[in-house]
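Below is model-v6.tsv, which holds TSV, C-alpha atoms.
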chain	number	residue	atom	x	y	z
A	7	GLY	CA	0.00	0.00	0.00
A	8	GLU	CA	0.87	3.68	-0.08
A	9	ASN	CA	3.34	5.12	2.44
A	10	VAL	CA	3.76	8.86	2.98
A	11	GLU	CA	6.72	10.33	4.86
A	12	GLN	CA	6.62	13.91	6.12
A	13	HIS	CA	9.41	16.18	7.35
A	14	PRO	CA	10.15	17.98	9.56
A	15	SER	CA	8.04	16.85	12.50
A	16	THR	CA	8.36	20.29	14.11
A	17	LEU	CA	9.18	23.64	12.57
A	18	SER	CA	9.62	26.98	14.27
A	19	VAL	CA	9.85	30.17	12.22
A	20	GLN	CA	9.70	33.84	12.95
A	21	GLU	CA	6.73	35.85	11.81
A	22	GLY	CA	7.22	36.99	8.24
A	23	ASP	CA	9.60	34.17	7.33
A	24	SER	CA	8.75	31.32	4.97
A	25	ALA	CA	8.00	27.73	6.00
A	26	VAL	CA	8.48	24.62	3.88
A	27	ILE	CA	7.14	21.15	4.66
A	28	LYS	CA	8.12	18.18	2.53
A	29	CYS	CA	6.46	14.85	1.84
A	30	THR	CA	7.43	11.78	-0.15
A	31	TYR	CA	5.15	9.00	-1.30
A	32	SER	CA	5.81	5.45	-2.41
A	33	ASP	CA	2.98	4.49	-4.79
A	34	SER	CA	3.47	5.86	-8.29
A	35	ALA	CA	-0.29	5.44	-8.85
A	36	SER	CA	-1.03	8.26	-6.38
A	37	ASN	CA	-2.43	11.21	-8.29
A	38	TYR	CA	-4.08	13.53	-5.76
A	39	PHE	CA	-2.26	15.30	-2.93
A	40	PRO	CA	-4.16	17.41	-0.40
A	41	TRP	CA	-2.75	19.39	2.51
A	42	TYR	CA	-4.62	19.84	5.78
A	43	LYS	CA	-4.18	22.27	8.65
A	44	GLN	CA	-5.35	21.15	12.07
A	45	GLU	CA	-5.68	23.64	14.88
A	46	LEU	CA	-6.03	22.62	18.51
A	47	GLY	CA	-9.49	21.24	19.21
A	48	LYS	CA	-10.50	21.30	15.54
A	49	GLY	CA	-10.73	18.86	12.70
A	50	PRO	CA	-8.33	18.93	9.73
A	51	GLN	CA	-9.08	21.77	7.33
A	52	LEU	CA	-8.25	21.37	3.64
A	53	ILE	CA	-6.00	24.30	2.68
A	54	ILE	CA	-4.74	23.36	-0.77
A	55	ASP	CA	-4.51	20.34	-3.03
A	56	ILE	CA	-2.76	19.37	-6.24
A	57	ARG	CA	-3.36	16.73	-8.88
A	58	SER	CA	-0.68	14.82	-10.71
A	59	ASN	CA	-1.18	16.66	-14.01
A	60	VAL	CA	-0.06	19.92	-12.38
A	61	GLY	CA	3.42	20.80	-11.12
A	62	GLU	CA	2.59	23.77	-8.93
A	63	LYS	CA	-0.45	25.48	-7.45
A	64	LYS	CA	-0.67	28.70	-5.51
A	65	ASP	CA	-3.35	30.29	-3.34
A	66	GLN	CA	-2.31	33.62	-1.83
A	67	ARG	CA	0.48	32.86	0.69
A	68	ILE	CA	0.28	29.10	0.22
A	69	ALA	CA	1.78	27.08	-2.61
A	70	VAL	CA	2.27	23.40	-3.28
A	71	THR	CA	4.78	21.84	-5.68
A	72	LEU	CA	4.78	18.29	-7.01
A	73	ASN	CA	7.65	16.30	-8.49
A	74	LYS	CA	6.18	13.07	-9.86
A	75	THR	CA	9.51	11.66	-10.94
A	76	ALA	CA	10.97	11.98	-7.47
A	77	LYS	CA	7.63	11.22	-5.81
A	78	HIS	CA	7.69	14.19	-3.52
A	79	PHE	CA	5.55	17.23	-2.91
A	80	SER	CA	6.00	20.28	-0.71
A	81	LEU	CA	3.96	22.95	1.01
A	82	HIS	CA	5.31	26.49	1.01
A	83	ILE	CA	3.91	29.19	3.27
A	84	THR	CA	5.25	32.71	2.75
A	85	GLU	CA	5.01	35.69	5.08
A	86	THR	CA	4.01	33.49	7.98
A	87	GLN	CA	1.67	34.83	10.63
A	88	PRO	CA	0.95	33.62	14.18
A	89	GLU	CA	-2.39	32.22	13.01
A	90	ASP	CA	-0.49	29.84	10.73
A	91	SER	CA	0.62	27.97	13.86
A	92	ALA	CA	-0.97	24.51	13.70
A	93	VAL	CA	-0.27	20.91	12.73
A	94	TYR	CA	-0.06	20.34	8.98
A	95	PHE	CA	-0.71	16.98	7.33
A	96	CYS	CA	0.08	15.99	3.78
A	97	ALA	CA	-1.79	13.11	2.17
A	98	ALA	CA	-1.83	11.03	-1.00
A	99	ASP	CA	-4.68	9.32	-2.82
A	100	THR	CA	-4.35	6.70	-5.56
A	101	GLY	CA	-7.89	7.47	-6.69
A	102	THR	CA	-9.05	3.89	-6.70
A	103	ALA	CA	-10.80	3.53	-3.34
A	104	SER	CA	-11.40	6.92	-1.71
A	105	LYS	CA	-8.52	6.25	0.67
A	106	LEU	CA	-6.22	9.02	1.80
A	107	THR	CA	-2.86	8.05	3.25
A	108	PHE	CA	-1.65	10.75	5.62
A	109	GLY	CA	1.83	11.83	6.53
A	110	THR	CA	2.82	11.92	10.19
A	111	GLY	CA	2.26	15.67	10.56
A	112	THR	CA	4.36	18.80	11.09
A	113	ARG	CA	3.82	21.08	14.04
A	114	LEU	CA	4.47	24.61	12.82
A	115	GLN	CA	5.03	27.37	15.34
A	116	VAL	CA	5.24	30.97	14.20
A	117	THR	CA	6.86	33.17	16.79
A	118	LEU	CA	6.60	36.94	17.07
B	12	ASP	CA	-17.13	27.11	10.55
B	13	THR	CA	-17.00	23.58	9.22
B	14	GLU	CA	-19.75	22.36	6.89
B	15	VAL	CA	-19.62	18.91	8.41
B	16	THR	CA	-21.34	18.89	11.79
B	17	GLN	CA	-20.56	16.29	14.43
B	18	THR	CA	-22.39	15.69	17.70
B	19	PRO	CA	-21.68	15.42	20.50
B	20	LYS	CA	-18.39	17.33	20.75
B	21	HIS	CA	-17.37	15.39	23.84
B	22	LEU	CA	-18.49	12.00	25.14
B	23	VAL	CA	-17.50	10.10	28.25
B	24	MET	CA	-18.77	6.56	28.54
B	25	GLY	CA	-18.18	3.39	30.49
B	26	MET	CA	-17.10	0.17	28.89
B	27	THR	CA	-20.58	-1.33	29.14
B	28	ASN	CA	-22.47	1.65	27.70
B	29	LYS	CA	-24.01	2.01	24.27
B	30	LYS	CA	-23.78	5.38	22.58
B	31	SER	CA	-23.85	6.84	19.08
B	32	LEU	CA	-21.86	9.52	17.30
B	33	LYS	CA	-23.63	11.56	14.66
B	34	CYS	CA	-22.43	13.39	11.57
B	35	GLU	CA	-24.35	15.57	9.14
B	36	GLN	CA	-23.44	17.37	5.93
B	37	HIS	CA	-25.58	19.43	3.57
B	38	MET	CA	-23.10	19.87	0.71
B	39	GLY	CA	-24.70	17.17	-1.43
B	40	HIS	CA	-21.67	14.94	-0.97
B	41	ARG	CA	-22.17	11.25	-1.71
B	42	ALA	CA	-19.19	9.80	0.13
B	43	MET	CA	-18.81	9.90	3.91
B	44	TYR	CA	-16.05	8.67	6.14
B	45	TRP	CA	-15.22	7.85	9.75
B	46	TYR	CA	-11.69	8.36	11.00
B	47	LYS	CA	-10.05	7.79	14.38
B	48	GLN	CA	-7.29	10.13	15.53
B	49	LYS	CA	-5.06	9.56	18.53
B	50	ALA	CA	-3.08	12.42	20.06
B	51	LYS	CA	-0.16	13.63	17.93
B	52	LYS	CA	-1.03	11.15	15.15
B	53	PRO	CA	-2.65	11.49	11.73
B	54	PRO	CA	-6.26	10.40	11.17
B	55	GLU	CA	-6.74	6.68	10.55
B	56	LEU	CA	-9.51	5.59	8.21
B	57	MET	CA	-12.17	3.34	9.72
B	58	PHE	CA	-15.11	3.24	7.28
B	59	VAL	CA	-16.16	4.67	3.92
B	60	TYR	CA	-19.72	4.97	2.66
B	61	SER	CA	-20.30	5.63	-1.01
B	62	TYR	CA	-23.84	6.40	-2.14
B	63	GLU	CA	-25.10	5.21	1.26
B	64	LYS	CA	-23.45	1.81	0.92
B	65	LEU	CA	-20.50	0.65	3.00
B	66	SER	CA	-17.57	0.40	0.59
B	67	ILE	CA	-14.59	0.18	2.94
B	68	ASN	CA	-14.20	-1.31	6.42
B	69	GLU	CA	-10.59	-1.10	7.53
B	70	SER	CA	-10.85	-4.23	9.70
B	71	VAL	CA	-12.48	-2.25	12.49
B	72	PRO	CA	-13.62	-4.25	15.58
B	73	SER	CA	-17.32	-5.04	15.64
B	74	ARG	CA	-17.82	-2.91	18.75
B	75	PHE	CA	-17.90	-0.03	16.22
B	76	SER	CA	-20.95	-0.20	13.96
B	77	PRO	CA	-21.47	2.41	11.23
B	78	GLU	CA	-24.79	3.38	9.71
B	79	CYS	CA	-25.71	5.70	6.85
B	80	PRO	CA	-29.47	6.40	7.03
B	81	ASN	CA	-29.38	8.80	4.05
B	82	SER	CA	-26.94	10.78	1.96
B	83	SER	CA	-26.64	13.55	4.57
B	84	LEU	CA	-26.27	11.54	7.75
B	85	LEU	CA	-23.68	9.17	9.12
B	86	ASN	CA	-23.78	7.47	12.51
B	87	LEU	CA	-21.25	5.46	14.45
B	88	HIS	CA	-22.76	3.17	17.06
B	89	LEU	CA	-20.51	2.26	19.97
B	90	HIS	CA	-20.84	-0.71	22.30
B	91	ALA	CA	-18.53	-2.36	24.83
B	92	LEU	CA	-15.61	-0.09	24.02
B	93	GLN	CA	-12.15	-0.45	25.53
B	94	PRO	CA	-10.00	2.27	27.13
B	95	GLU	CA	-7.72	2.22	24.07
B	96	ASP	CA	-10.69	3.38	21.99
B	97	SER	CA	-10.42	6.81	23.62
B	98	ALA	CA	-9.62	9.19	20.75
B	99	LEU	CA	-10.96	11.94	18.52
B	100	TYR	CA	-13.47	10.53	16.05
B	101	LEU	CA	-13.67	12.51	12.85
B	102	CYS	CA	-16.30	12.44	10.14
B	103	ALA	CA	-15.55	13.62	6.61
B	104	SER	CA	-17.41	13.88	3.34
B	105	SER	CA	-16.45	14.24	-0.33
B	106	PRO	CA	-18.39	14.97	-3.51
B	107	ALA	CA	-18.44	11.48	-5.00
B	108	GLY	CA	-17.82	7.86	-4.23
B	109	VAL	CA	-14.49	7.56	-6.00
B	110	GLY	CA	-11.06	8.85	-5.11
B	111	ASN	CA	-9.37	12.12	-6.01
B	112	GLN	CA	-12.10	14.15	-4.37
B	113	PRO	CA	-11.37	16.65	-1.59
B	114	GLN	CA	-12.48	15.39	1.78
B	115	HIS	CA	-13.96	17.91	4.22
B	116	PHE	CA	-13.75	17.13	7.91
B	117	GLY	CA	-15.89	17.98	10.89
B	118	ASP	CA	-14.37	19.03	14.20
B	119	GLY	CA	-14.81	15.59	15.69
B	120	THR	CA	-16.16	13.96	18.82
B	121	ARG	CA	-13.65	13.55	21.61
B	122	LEU	CA	-14.42	10.20	23.18
B	123	SER	CA	-13.18	9.07	26.58
B	124	ILE	CA	-13.73	5.51	27.80
B	125	LEU	CA	-13.64	5.04	31.54
Would you write the structure of this file as structure tokens?
Amino acid sequence: GENVEQHPSTLSVQEGDSAVIKCTYSDSASNYFPWYKQELGKGPQLIIDIRSNVGEKKDQRIAVTLNKTAKHFSLHITETQPEDSAVYFCAADTGTASKLTFGTGTRLQVTL
Amino acid sequence: DTEVTQTPKHLVMGMTNKKSLKCEQHMGHRAMYWYKQKAKKPPELMFVYSYEKLSINESVPSRFSPECPNSSLLNLHLHALQPEDSALYLCASSPAGVGNQPQHFGDGTRLSIL
């Protein structure tokens, strides 16, 4: 089955700096890659996603890149703000059975 | 605010109790999911319903019994749970019954087993 690795497990940045979280996947059949943000006491919130026919997608301060050859994808957050502090999960979906495989999560802390 | 509503938000129950978790969505989604999330871990898939039919059961113990009464509602019936079942139970929905669709999560029910 699919295996998704996520790094780093914790990330601390100063407000205004950029943050990058990286994920690798094992199943070359995976073709959909969502990113979720989970704040304390809340459920995961979909923040951006990318499909395998696209190399990069951007939404305001958030961008995701995908390298199918290397089987890795990354989340980039620019101009970080304290409200970006949360746990971020990447995930991969092969599209055959509605099953998302999640990474282990990255705890992002944005300090003032 | 999330568009997937879960009730109750918190539940404490004994090992001999029977209780139910409820989930509702009004986005017209036809796939609904139950996940279990332990502290500092990613969500783990338990069940998938596609067009109100159970399509995936990830070898979940029978003390967890899902039910999908209609396309908007999803229940999880609990009976004779163990302390290790204490976790955050998340419901999600997606537009269709096949993969590659964005899943939208509720805020979960935090379950504690005494």
Enumerate as a ChimeraX atom specification the residues belonging to chain A that approach chain B to within 9 Å, with only C-alpha atoms taken into account. /A:37-40,47-52,55,57,93,95,99-111
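One finds atom CA of A:Ile83 at 9.8 Å from atom CA of A:Gly22.
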**Prompt:** Which protein, DNA or RNA residues are at most 9 Å from (7.9, 31.2, 11.8) in the file's coordinates when you count all atoms listed in the file, listed as a list in words?
**Reply:** Leu17, Ser18, Val19, Gln20, Glu21, Gly22, Asp23, Ser24, Ala25, Glu85, Thr86, Gln87, Pro88, Asp90, Ser91, Leu114, Gln115, Val116, Thr117 and Leu118 of chain A
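For the pair atom CA of B:Lys47 and atom CA of A:Ser32, the separation is 23.2 Å.
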TODO: Rank A:Gln66, A:Ser58, A:Thr112, A:Gln44 by their smallest atom-to-atom distance to A:His78, using all atoms listed in the file, and report the top residue only.
DONE: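 Counting all atoms listed in the file, the residue closest to A:His78 is A:Ser58.
Going from atom CA of A:Ala97 over to atom CA of B:Glu63, you cover 24.6 Å.
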Selection near A:Thr30, 8 Å with all atoms listed in the file, sequence-local residues under 6 positions removed, as a ChimeraX atom specification: /A:10-12,77-79
- Task: Please provide as a PyMOL selection string all residues within 12 Å of B:Phe75, with the sequence filter that same-chain residues fewer than 5 positions apart are discarded (counting only C-alpha atoms).
- Result: chain B and resi 29-32+45-47+57-58+68-70+86-93+96+100
Padding of 8 Å on every side, edges along x, y and z, all listed atoms of stretch 81-91 of chain A included: what centre and edge lengths in Å, to one decimal, does that box have, as lines of an AutoDock Vina configuration file?
center_x = 1.5
center_y = 29.3
center_z = 7.6
size_x = 23.7
size_y = 28.7
size_z = 29.2
Open item on the list: At a cut-off of 7 Å, using only C-alpha atoms, what residues contact B:Leu122? Leave out same-chain residues fewer than 2 positions from it and give the result as a list in words.
Closed with: His21, Leu22, Val23, Ser97, Ala98, Leu99, Thr120 and Ile124 of chain B
**Asked** Can you list, as a PyMOL selection string, every protein, DNA or RNA residue that comes within 8 Å of A:Ile53 when you count all atoms listed in the file, leaving out same-chain residues fewer than 5 positions away?
**Response** chain A and resi 40-43
Write a file of the just-selected residues containing C-alpha atoms, as a PDB file, in the coordinates of the input.
ATOM      1  CA  PRO A  40      -4.160  17.410  -0.400  1.00  0.00           C
ATOM      2  CA  TRP A  41      -2.750  19.390   2.510  1.00  0.00           C
ATOM      3  CA  TYR A  42      -4.620  19.840   5.780  1.00  0.00           C
ATOM      4  CA  LYS A  43      -4.180  22.270   8.650  1.00  0.00           C
TER       5      LYS A  43
END
With the input short on atoms, add N, CA, C and O atoms back to stretch 27-53 of chain B and write it as a short mmCIF file (atom, residue, chain, number, x, y, z; two decimals), in the coordinates of the input.
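So the final result, stored in rebuild.cif, reads:
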data_model
loop_
_atom_site.label_atom_id
_atom_site.label_comp_id
_atom_site.auth_asym_id
_atom_site.auth_seq_id
_atom_site.Cartn_x
_atom_site.Cartn_y
_atom_site.Cartn_z
N THR B 27 -19.37 -0.54 29.41
CA THR B 27 -20.58 -1.33 29.14
C THR B 27 -21.68 -0.51 28.47
O THR B 27 -22.74 -1.04 28.15
N ASN B 28 -21.43 0.78 28.28
CA ASN B 28 -22.47 1.65 27.70
C ASN B 28 -22.62 1.44 26.20
O ASN B 28 -21.73 0.92 25.52
N LYS B 29 -23.77 1.90 25.71
CA LYS B 29 -24.01 2.01 24.27
C LYS B 29 -24.30 3.47 23.95
O LYS B 29 -25.16 4.08 24.59
N LYS B 30 -23.58 3.99 22.98
CA LYS B 30 -23.78 5.38 22.58
C LYS B 30 -23.62 5.47 21.06
O LYS B 30 -23.12 4.53 20.41
N SER B 31 -24.00 6.62 20.52
CA SER B 31 -23.85 6.84 19.08
C SER B 31 -23.25 8.21 18.81
O SER B 31 -23.57 9.19 19.49
N LEU B 32 -22.39 8.26 17.81
CA LEU B 32 -21.86 9.52 17.30
C LEU B 32 -22.62 9.85 16.02
O LEU B 32 -22.94 8.95 15.24
N LYS B 33 -22.86 11.15 15.84
CA LYS B 33 -23.63 11.56 14.66
C LYS B 33 -22.85 12.56 13.83
O LYS B 33 -22.07 13.38 14.34
N CYS B 34 -23.09 12.51 12.52
CA CYS B 34 -22.43 13.39 11.57
C CYS B 34 -23.44 13.79 10.51
O CYS B 34 -24.22 12.95 10.04
N GLU B 35 -23.41 15.06 10.14
CA GLU B 35 -24.35 15.57 9.14
C GLU B 35 -23.64 16.53 8.20
O GLU B 35 -22.83 17.35 8.63
N GLN B 36 -23.97 16.41 6.92
CA GLN B 36 -23.44 17.37 5.93
C GLN B 36 -24.56 17.71 4.95
O GLN B 36 -25.39 16.86 4.63
N HIS B 37 -24.55 18.97 4.52
CA HIS B 37 -25.58 19.43 3.57
C HIS B 37 -24.91 20.02 2.33
O HIS B 37 -25.39 21.01 1.77
N MET B 38 -23.81 19.42 1.91
CA MET B 38 -23.10 19.87 0.71
C MET B 38 -23.44 19.03 -0.50
O MET B 38 -22.86 19.22 -1.57
N GLY B 39 -24.34 18.05 -0.32
CA GLY B 39 -24.70 17.17 -1.43
C GLY B 39 -23.64 16.13 -1.73
O GLY B 39 -23.65 15.52 -2.80
N HIS B 40 -22.72 15.94 -0.77
CA HIS B 40 -21.67 14.94 -0.97
C HIS B 40 -22.24 13.53 -0.89
O HIS B 40 -23.16 13.26 -0.14
N ARG B 41 -21.65 12.62 -1.67
CA ARG B 41 -22.17 11.25 -1.71
C ARG B 41 -21.22 10.23 -1.10
O ARG B 41 -21.50 9.03 -1.14
N ALA B 42 -20.09 10.69 -0.59
CA ALA B 42 -19.19 9.80 0.13
C ALA B 42 -18.98 10.36 1.52
O ALA B 42 -18.79 11.57 1.70
N MET B 43 -19.02 9.48 2.53
CA MET B 43 -18.81 9.90 3.91
C MET B 43 -17.90 8.91 4.60
O MET B 43 -17.88 7.71 4.27
N TYR B 44 -17.14 9.43 5.55
CA TYR B 44 -16.05 8.67 6.14
C TYR B 44 -16.05 8.80 7.67
O TYR B 44 -16.40 9.85 8.20
N TRP B 45 -15.58 7.77 8.34
CA TRP B 45 -15.22 7.85 9.75
C TRP B 45 -13.73 7.61 9.89
O TRP B 45 -13.19 6.66 9.31
N TYR B 46 -13.09 8.49 10.68
CA TYR B 46 -11.69 8.36 11.00
C TYR B 46 -11.54 8.36 12.52
O TYR B 46 -12.31 8.97 13.24
N LYS B 47 -10.44 7.74 12.98
CA LYS B 47 -10.05 7.79 14.38
C LYS B 47 -8.70 8.49 14.45
O LYS B 47 -7.81 8.20 13.64
N GLN B 48 -8.56 9.43 15.39
CA GLN B 48 -7.29 10.13 15.53
C GLN B 48 -6.84 10.12 16.99
O GLN B 48 -7.51 10.66 17.86
N LYS B 49 -5.69 9.53 17.21
CA LYS B 49 -5.06 9.56 18.53
C LYS B 49 -4.18 10.81 18.61
O LYS B 49 -3.77 11.37 17.59
N ALA B 50 -3.87 11.20 19.84
CA ALA B 50 -3.08 12.42 20.06
C ALA B 50 -1.75 12.36 19.32
O ALA B 50 -1.06 11.34 19.35
N LYS B 51 -1.42 13.45 18.65
CA LYS B 51 -0.16 13.63 17.93
C LYS B 51 0.03 12.64 16.78
O LYS B 51 1.17 12.35 16.37
N LYS B 52 -1.07 12.09 16.28
CA LYS B 52 -1.03 11.15 15.15
C LYS B 52 -1.94 11.64 14.03
O LYS B 52 -2.84 12.43 14.27
N PRO B 53 -1.72 11.14 12.81
CA PRO B 53 -2.65 11.49 11.73
C PRO B 53 -3.95 10.71 11.86
O PRO B 53 -4.01 9.70 12.57
#
